[in-house]
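*Asks:* If you scroll down you'll find the structure; I have some questions about it.
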Amino acid sequence: MCRIIYFELYADDPERARAFYRKTLGWSFEEVEEVGGAGEIWRITTGDSPGLGGFLMRRGNPRATIWNVVDVPSIDEAVRQVLENGGKEVTPKFAIPGVEFLAYCQDSEGNVFGLREANPRAA
C-alpha cells in the first residue's frame, strides 16, 4: 500500500499564505535552498506530533492548489497503473537530483496528485 508522505501548497503570494497559515493554524515555515530550478520553496511544519508536513511554493500552474504526494516503490509502474485505471499523466517523471523522481497525475475525477520514488541516484 502506498502512503501520502507530504503535501504541496501553492500560493500566488507566498508571504501572505505563510502569514495566514501561521496565524490560523500555527504552522511554521523554513525557506529551503532552491531545488531543481523550482524557485522559492518553504518547508512547512504542521506540528510536533506525527503527521504530514509539506512544502509551500509560488503558484506557476493556475490549477495548482494543494496536491498530495504519494510514495511509490516504482514511479514508472505507478504511472502505468494510473493510465490503465482511467487516470492521466499531467507532468511526466522528472528528477530532483540526488533525492527523488516525481510525476504528477490526475485521477478519474480530475484530482491532481504527485507520485514520488525516493532515489538518491536520481539525475
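Here, A, B, ... name the chains of the C-alpha cells in the order displayed, residue numbers run from 1 inside each chain, and ligands are numbered from 1 in the same displayed order.
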Could you name the residues that touch A:Gly47 at 12 Å or less, counting only C-alpha atoms, but leaving out those on the same chain fewer than 6 positions away, as number ranges by chain?
*Replies:* A: 22, 25-29, 53-54
*Asks:* Quick one: DSSP strand (DSSP E) residues in chain A, as a PyMOL selection string?
*Replies:* chain A and resi 4-11+28-32+41-45+54-58+66-71+88-96+100-106+112-118
*Asks:* Which of these, A:Ala64, A:Ala95, A:Ile4, A:Val82, has the shortest distance to A:Asp107 once you count only C-alpha atoms?
*Replies:*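 Smallest separation from A:Asp107 among the options: A:Val82.
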*Asks:* Can you list, as a count of residues only, every protein, DNA or RNA residue that comes within 12 Å of A:Val99 when you count only C-alpha atoms, leaving out same-chain residues fewer than 6 positions away?
*Replies:* 10
*Asks:* Pick out the closest residue to A:Asp12 from this set: A:Gly60, A:Asp71, A:Ile66, A:Ser108. Count only C-alpha atoms.
*Replies:*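 Answer, going by the shortest atom-to-atom distance: A:Gly60.
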*Asks:* Given the choices A:Ile75, A:Ala19, A:Val90, A:Ile41, which gets closest to A:Arg59 if the distance is worked out from only C-alpha atoms?
*Replies:*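 Smallest distance to A:Arg59 is found for A:Ile41.
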*Asks:* Quick one: pull the distance between atom CA of A:Gly98 and atom CA of A:Arg43, Å, one decimal.
*Replies:* 18.1 Å
*Asks:* Using only C-alpha atoms, find the one residue out of A:Pro97, A:Thr24, A:Asn85, A:Phe113 that sits nearest to A:Phe7.
*Replies:*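 Using only C-alpha atoms, A:Phe7 sits closest to A:Phe113.
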*Asks:* Atom CA of A:Phe20 to atom CA of A:Glu8: how many Å, to one decimal?
*Replies:*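 So the two atoms, atom CA of A:Phe20 and atom CA of A:Glu8, lie 15.9 Å apart.
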*Asks:* Residues within 12 Å of A:Asp13, please, as a list in words. Count only C-alpha atoms; anything in the same chain fewer than 2 positions from it doesn't count.
*Replies:*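 In the requested form, the answer reads Leu9, Tyr10, Ala11, Glu15, Arg16, Ala17, Arg18, Ala19, Phe20, Glu40, Leu56, Met57, Arg58, Arg59 and Gly60 of chain A.
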*Asks:* Could you name the residues that touch A:Ala103 at 7 Å or less, counting only C-alpha atoms, but leaving out those on the same chain fewer than 4 positions away, as a VMD selection string?
*Replies:* chain A and resid 91 to 94 114 to 116
*Asks:* Report as a ChimeraX atom specification: the residues of chain A with a DSSP assignment of alpha helix (DSSP H), based on the backbone of this structure.
*Replies:* /A:14-25,75-84
*Asks:* Please dump the current selection as a PDB file, in the first residue's frame; keep C-alpha atoms.
*Replies:*
ATOM      1  CA  PRO A  14       3.661  33.049  -0.569  1.00  0.00           C
ATOM      2  CA  GLU A  15       4.275  35.741   2.066  1.00  0.00           C
ATOM      3  CA  ARG A  16       0.533  36.251   2.528  1.00  0.00           C
ATOM      4  CA  ALA A  17      -0.047  32.474   2.607  1.00  0.00           C
ATOM      5  CA  ARG A  18       2.670  31.960   5.242  1.00  0.00           C
ATOM      6  CA  ALA A  19       1.131  34.679   7.424  1.00  0.00           C
ATOM      7  CA  PHE A  20      -2.333  33.142   7.025  1.00  0.00           C
ATOM      8  CA  TYR A  21      -1.273  29.610   7.997  1.00  0.00           C
ATOM      9  CA  ARG A  22       0.970  30.832  10.839  1.00  0.00           C
ATOM     10  CA  LYS A  23      -1.860  32.859  12.382  1.00  0.00           C
ATOM     11  CA  THR A  24      -4.686  30.433  11.556  1.00  0.00           C
ATOM     12  CA  LEU A  25      -3.130  27.013  12.194  1.00  0.00           C
ATOM     13  CA  ILE A  75       7.281   5.648 -10.381  1.00  0.00           C
ATOM     14  CA  ASP A  76       7.189   4.076 -13.852  1.00  0.00           C
ATOM     15  CA  GLU A  77       4.916   1.273 -12.619  1.00  0.00           C
ATOM     16  CA  ALA A  78       2.707   3.709 -10.690  1.00  0.00           C
ATOM     17  CA  VAL A  79       2.217   5.947 -13.752  1.00  0.00           C
ATOM     18  CA  ARG A  80       1.406   2.844 -15.808  1.00  0.00           C
ATOM     19  CA  GLN A  81      -1.253   1.881 -13.242  1.00  0.00           C
ATOM     20  CA  VAL A  82      -2.718   5.405 -13.298  1.00  0.00           C
ATOM     21  CA  LEU A  83      -3.100   5.245 -17.083  1.00  0.00           C
ATOM     22  CA  GLU A  84      -4.515   1.699 -17.057  1.00  0.00           C
TER      23      GLU A  84
END
